[in-house]
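Peer 1: Got a structure for you, written out below as structure tokens; questions coming shortly.
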Amino acid sequence: MTLPMNKDAAQALALEALGWLAADPDRLGPFMAEAGCGPAELRDRAQAPEFLGFVVDHLLSDEARLMAFCDEAGRSYEAPMRARAALPGGDLPHWT
């Protein structure tokens with residue numbers, strides 16, 4: 001059984017993921033397009049827990065991206081899912 005992640009740890013993982021996305025233009029471009037924001041807005045939006053949930057959702061939406069982040073960050077593959085559950089909206093059931 002995996003213990004739940006607390007809010008602070010979840011936000012730290014999401015910020016780490018945002019930094020990972022921002023470090024590569026090939027990753028950042030699609031993320032910003034999906035988020036509907038430009039580089040100048042990222043810093044302000046990164047303070048909002050709801051946006052951090054979106055960051056983790058983006059990471060979780062592609063298995064290769066998820067695995068690359070976890071491998072580079074030294075995180076377990078289930079850590080982003082645990083983080084998502086601790087962020088706003090993460091407790092909603094998936095109907096798909």
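So you can find residues: chains in the structure tokens are A, B, ... in the order shown, residues in each start at 1, and ligands are numbered from 1 in order.
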Step one, run DSSP on the backbone; step two, keep only residues of chain A assigned to alpha helix (DSSP H); then write them as a ChimeraX atom specification.
Peer 2: /A:7-22,25-35,39-45,49-60,63-73,79-86
Peer 1: Give me, as a PDB file with all heavy atoms, in the first residue's frame, all polymer residues having an atom no more than 12 Å from Ala12 (chain A), counting only C-alpha atoms and skipping those fewer than 4 positions away in the same chain.
Peer 2:
```
ATOM      1  N   MET A   5       0.341  11.314  -0.727  1.00  0.00           N
ATOM      2  CA  MET A   5       1.316  12.399  -0.721  1.00  0.00           C
ATOM      3  C   MET A   5       0.646  13.625  -0.107  1.00  0.00           C
ATOM      4  O   MET A   5      -0.521  13.897  -0.391  1.00  0.00           O
ATOM      5  CB  MET A   5       1.759  12.687  -2.159  1.00  0.00           C
ATOM      6  CG  MET A   5       2.900  13.676  -2.259  1.00  0.00           C
ATOM      7  SD  MET A   5       3.474  13.912  -3.972  1.00  0.00           S
ATOM      8  CE  MET A   5       4.320  12.376  -4.284  1.00  0.00           C
ATOM      9  N   ASN A   6       1.378  14.367   0.713  1.00  0.00           N
ATOM     10  CA  ASN A   6       0.785  15.574   1.279  1.00  0.00           C
ATOM     11  C   ASN A   6       0.825  16.711   0.255  1.00  0.00           C
ATOM     12  O   ASN A   6       1.515  16.636  -0.760  1.00  0.00           O
ATOM     13  CB  ASN A   6       1.440  15.960   2.614  1.00  0.00           C
ATOM     14  CG  ASN A   6       2.861  16.466   2.464  1.00  0.00           C
ATOM     15  OD1 ASN A   6       3.185  17.209   1.544  1.00  0.00           O
ATOM     16  ND2 ASN A   6       3.714  16.077   3.383  1.00  0.00           N
ATOM     17  N   LYS A   7       0.066  17.756   0.538  1.00  0.00           N
ATOM     18  CA  LYS A   7      -0.100  18.871  -0.392  1.00  0.00           C
ATOM     19  C   LYS A   7       1.237  19.543  -0.733  1.00  0.00           C
ATOM     20  O   LYS A   7       1.505  19.849  -1.886  1.00  0.00           O
ATOM     21  CB  LYS A   7      -1.077  19.883   0.209  1.00  0.00           C
ATOM     22  CG  LYS A   7      -1.336  21.089  -0.635  1.00  0.00           C
ATOM     23  CD  LYS A   7      -2.291  22.026   0.078  1.00  0.00           C
ATOM     24  CE  LYS A   7      -2.115  23.424  -0.427  1.00  0.00           C
ATOM     25  NZ  LYS A   7      -2.851  24.415   0.327  1.00  0.00           N
ATOM     26  N   ASP A   8       2.076  19.770   0.271  1.00  0.00           N
ATOM     27  CA  ASP A   8       3.358  20.440   0.022  1.00  0.00           C
ATOM     28  C   ASP A   8       4.257  19.607  -0.887  1.00  0.00           C
ATOM     29  O   ASP A   8       4.891  20.134  -1.796  1.00  0.00           O
ATOM     30  CB  ASP A   8       4.080  20.739   1.339  1.00  0.00           C
ATOM     31  CG  ASP A   8       3.383  21.829   2.153  1.00  0.00           C
ATOM     32  OD1 ASP A   8       2.619  22.627   1.568  1.00  0.00           O
ATOM     33  OD2 ASP A   8       3.605  21.862   3.378  1.00  0.00           O
ATOM     34  N   GLU A  16       8.634  20.901  -9.821  1.00  0.00           N
ATOM     35  CA  GLU A  16       9.765  20.190 -10.422  1.00  0.00           C
ATOM     36  C   GLU A  16       9.420  19.782 -11.855  1.00  0.00           C
ATOM     37  O   GLU A  16      10.241  19.934 -12.779  1.00  0.00           O
ATOM     38  CB  GLU A  16      10.117  18.976  -9.580  1.00  0.00           C
ATOM     39  CG  GLU A  16      11.336  18.227 -10.040  1.00  0.00           C
ATOM     40  CD  GLU A  16      11.660  17.040  -9.136  1.00  0.00           C
ATOM     41  OE1 GLU A  16      10.964  16.792  -8.135  1.00  0.00           O
ATOM     42  OE2 GLU A  16      12.636  16.345  -9.468  1.00  0.00           O
ATOM     43  N   ALA A  17       8.209  19.291 -12.054  1.00  0.00           N
ATOM     44  CA  ALA A  17       7.759  18.902 -13.398  1.00  0.00           C
ATOM     45  C   ALA A  17       7.681  20.121 -14.313  1.00  0.00           C
ATOM     46  O   ALA A  17       8.069  20.046 -15.482  1.00  0.00           O
ATOM     47  CB  ALA A  17       6.408  18.197 -13.322  1.00  0.00           C
ATOM     48  N   LEU A  18       7.200  21.246 -13.791  1.00  0.00           N
ATOM     49  CA  LEU A  18       7.134  22.469 -14.592  1.00  0.00           C
ATOM     50  C   LEU A  18       8.533  22.905 -15.006  1.00  0.00           C
ATOM     51  O   LEU A  18       8.762  23.282 -16.154  1.00  0.00           O
ATOM     52  CB  LEU A  18       6.424  23.578 -13.818  1.00  0.00           C
ATOM     53  CG  LEU A  18       6.251  24.897 -14.544  1.00  0.00           C
ATOM     54  CD1 LEU A  18       5.490  24.733 -15.847  1.00  0.00           C
ATOM     55  CD2 LEU A  18       5.559  25.912 -13.627  1.00  0.00           C
ATOM     56  N   GLY A  19       9.485  22.835 -14.096  1.00  0.00           N
ATOM     57  CA  GLY A  19      10.871  23.162 -14.431  1.00  0.00           C
ATOM     58  C   GLY A  19      11.430  22.221 -15.482  1.00  0.00           C
ATOM     59  O   GLY A  19      12.155  22.635 -16.383  1.00  0.00           O
ATOM     60  N   ALA A  46       2.161  29.512 -11.801  1.00  0.00           N
ATOM     61  CA  ALA A  46       2.791  28.429 -11.046  1.00  0.00           C
ATOM     62  C   ALA A  46       2.522  28.536  -9.548  1.00  0.00           C
ATOM     63  O   ALA A  46       2.751  27.574  -8.814  1.00  0.00           O
ATOM     64  CB  ALA A  46       4.294  28.405 -11.305  1.00  0.00           C
ATOM     65  N   GLN A  47       2.011  29.660  -9.097  1.00  0.00           N
ATOM     66  CA  GLN A  47       1.684  29.839  -7.682  1.00  0.00           C
ATOM     67  C   GLN A  47       0.318  29.252  -7.330  1.00  0.00           C
ATOM     68  O   GLN A  47      -0.002  29.087  -6.164  1.00  0.00           O
ATOM     69  CB  GLN A  47       1.716  31.330  -7.321  1.00  0.00           C
ATOM     70  CG  GLN A  47       3.028  32.021  -7.634  1.00  0.00           C
ATOM     71  CD  GLN A  47       4.229  31.347  -7.003  1.00  0.00           C
ATOM     72  OE1 GLN A  47       4.214  31.018  -5.816  1.00  0.00           O
ATOM     73  NE2 GLN A  47       5.266  31.130  -7.776  1.00  0.00           N
ATOM     74  N   PRO A  49      -2.370  26.385  -6.946  1.00  0.00           N
ATOM     75  CA  PRO A  49      -2.447  24.924  -6.831  1.00  0.00           C
ATOM     76  C   PRO A  49      -3.236  24.275  -7.969  1.00  0.00           C
ATOM     77  O   PRO A  49      -2.896  23.173  -8.405  1.00  0.00           O
ATOM     78  CB  PRO A  49      -3.138  24.705  -5.481  1.00  0.00           C
ATOM     79  CG  PRO A  49      -2.821  25.937  -4.701  1.00  0.00           C
ATOM     80  CD  PRO A  49      -2.796  27.051  -5.715  1.00  0.00           C
ATOM     81  N   LEU A  52      -0.968  23.884 -10.851  1.00  0.00           N
ATOM     82  CA  LEU A  52      -0.015  22.803 -10.601  1.00  0.00           C
ATOM     83  C   LEU A  52      -0.672  21.453 -10.866  1.00  0.00           C
ATOM     84  O   LEU A  52      -0.031  20.529 -11.364  1.00  0.00           O
ATOM     85  CB  LEU A  52       0.535  22.885  -9.178  1.00  0.00           C
ATOM     86  CG  LEU A  52       1.390  24.123  -8.897  1.00  0.00           C
ATOM     87  CD1 LEU A  52       1.820  24.147  -7.443  1.00  0.00           C
ATOM     88  CD2 LEU A  52       2.594  24.186  -9.826  1.00  0.00           C
ATOM     89  N   GLY A  53      -1.962  21.344 -10.567  1.00  0.00           N
ATOM     90  CA  GLY A  53      -2.699  20.135 -10.920  1.00  0.00           C
ATOM     91  C   GLY A  53      -2.709  19.928 -12.428  1.00  0.00           C
ATOM     92  O   GLY A  53      -2.543  18.811 -12.920  1.00  0.00           O
ATOM     93  N   VAL A  55      -0.407  20.980 -14.487  1.00  0.00           N
ATOM     94  CA  VAL A  55       0.957  20.576 -14.861  1.00  0.00           C
ATOM     95  C   VAL A  55       1.088  19.054 -14.736  1.00  0.00           C
ATOM     96  O   VAL A  55       1.579  18.381 -15.646  1.00  0.00           O
ATOM     97  CB  VAL A  55       2.010  21.278 -13.986  1.00  0.00           C
ATOM     98  CG1 VAL A  55       3.401  20.684 -14.211  1.00  0.00           C
ATOM     99  CG2 VAL A  55       2.026  22.786 -14.261  1.00  0.00           C
ATOM    100  N   VAL A  56       0.623  18.519 -13.618  1.00  0.00           N
ATOM    101  CA  VAL A  56       0.723  17.073 -13.401  1.00  0.00           C
ATOM    102  C   VAL A  56      -0.197  16.317 -14.370  1.00  0.00           C
ATOM    103  O   VAL A  56       0.178  15.273 -14.902  1.00  0.00           O
ATOM    104  CB  VAL A  56       0.449  16.702 -11.934  1.00  0.00           C
ATOM    105  CG1 VAL A  56       0.529  15.194 -11.729  1.00  0.00           C
ATOM    106  CG2 VAL A  56       1.454  17.405 -11.014  1.00  0.00           C
ATOM    107  N   ALA A  79       4.659   8.350  -8.426  1.00  0.00           N
ATOM    108  CA  ALA A  79       4.715   9.612  -7.668  1.00  0.00           C
ATOM    109  C   ALA A  79       3.854  10.712  -8.292  1.00  0.00           C
ATOM    110  O   ALA A  79       3.130  11.399  -7.554  1.00  0.00           O
ATOM    111  CB  ALA A  79       6.160  10.068  -7.508  1.00  0.00           C
ATOM    112  N   PRO A  80       3.883  10.924  -9.610  1.00  0.00           N
ATOM    113  CA  PRO A  80       3.010  11.967 -10.161  1.00  0.00           C
ATOM    114  C   PRO A  80       1.522  11.692  -9.940  1.00  0.00           C
ATOM    115  O   PRO A  80       0.748  12.622  -9.676  1.00  0.00           O
ATOM    116  CB  PRO A  80       3.364  11.986 -11.653  1.00  0.00           C
ATOM    117  CG  PRO A  80       4.788  11.518 -11.683  1.00  0.00           C
ATOM    118  CD  PRO A  80       4.828  10.449 -10.625  1.00  0.00           C
ATOM    119  N   ALA A  83       0.828  12.632  -6.453  1.00  0.00           N
ATOM    120  CA  ALA A  83       0.818  14.096  -6.346  1.00  0.00           C
ATOM    121  C   ALA A  83      -0.500  14.648  -6.872  1.00  0.00           C
ATOM    122  O   ALA A  83      -1.097  15.541  -6.266  1.00  0.00           O
ATOM    123  CB  ALA A  83       1.990  14.695  -7.113  1.00  0.00           C
ATOM    124  N   ARG A  84      -0.955  14.112  -7.995  1.00  0.00           N
ATOM    125  CA  ARG A  84      -2.202  14.615  -8.588  1.00  0.00           C
ATOM    126  C   ARG A  84      -3.369  14.437  -7.639  1.00  0.00           C
ATOM    127  O   ARG A  84      -4.233  15.300  -7.529  1.00  0.00           O
ATOM    128  CB  ARG A  84      -2.488  13.911  -9.935  1.00  0.00           C
ATOM    129  CG  ARG A  84      -3.692  14.476 -10.635  1.00  0.00           C
ATOM    130  CD  ARG A  84      -3.450  15.947 -10.954  1.00  0.00           C
ATOM    131  NE  ARG A  84      -4.631  16.605 -11.454  1.00  0.00           N
ATOM    132  CZ  ARG A  84      -5.377  17.460 -10.750  1.00  0.00           C
ATOM    133  NH1 ARG A  84      -5.082  17.735  -9.492  1.00  0.00           N
ATOM    134  NH2 ARG A  84      -6.418  18.051 -11.292  1.00  0.00           N
ATOM    135  N   ALA A  86      -3.349  14.682  -4.515  1.00  0.00           N
ATOM    136  CA  ALA A  86      -3.253  15.629  -3.415  1.00  0.00           C
ATOM    137  C   ALA A  86      -3.509  17.075  -3.846  1.00  0.00           C
ATOM    138  O   ALA A  86      -3.649  17.954  -2.994  1.00  0.00           O
ATOM    139  CB  ALA A  86      -1.869  15.530  -2.767  1.00  0.00           C
ATOM    140  N   LEU A  87      -3.571  17.323  -5.137  1.00  0.00           N
ATOM    141  CA  LEU A  87      -3.784  18.677  -5.656  1.00  0.00           C
ATOM    142  C   LEU A  87      -5.266  18.897  -5.955  1.00  0.00           C
ATOM    143  O   LEU A  87      -6.013  17.933  -6.130  1.00  0.00           O
ATOM    144  CB  LEU A  87      -2.934  18.891  -6.909  1.00  0.00           C
ATOM    145  CG  LEU A  87      -1.428  18.895  -6.660  1.00  0.00           C
ATOM    146  CD1 LEU A  87      -0.667  18.795  -7.983  1.00  0.00           C
ATOM    147  CD2 LEU A  87      -1.009  20.135  -5.887  1.00  0.00           C
TER     148      LEU A  87
END
```
Peer 1: Between CA of Met81 (chain A) and CA of Ala68 (chain A), what is the spacing in Å?
Peer 2: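 Pair CA of Ala68 (chain A) / CA of Met81 (chain A) returns 14.7 Å.
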Peer 1: Give me the residues within 10 Å of Ser76 (chain A) as a list of chain:residue names, counting only C-alpha atoms and dropping any in the same chain fewer than 6 places off.
Peer 2: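 With the cut-off at 10 Å, the set is A:Met67, A:Phe69, A:Cys70.
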Peer 1: Between CA of Leu28 (chain A) and CA of Asp44 (chain A), what distance in Å does the model show, to one decimal?
Peer 2: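 Atom-to-atom, CA of Leu28 (chain A) and CA of Asp44 (chain A) are spaced 16.1 Å apart.
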Peer 1: Quick one: everything within 10 Å of Ala35 (chain A), counting only C-alpha atoms, minus sequence neighbours fewer than 4 positions away in the same chain. Send it as a VMD selection string.
Peer 2: chain A and resid 29 to 31 42 51 54 to 55 58
Peer 1: Grab the CA of Asp24 (chain A) to CA of Asp57 (chain A) distance for me, in Å with one decimal place.
Peer 2: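 Interatomic distance here is 18.2 Å.
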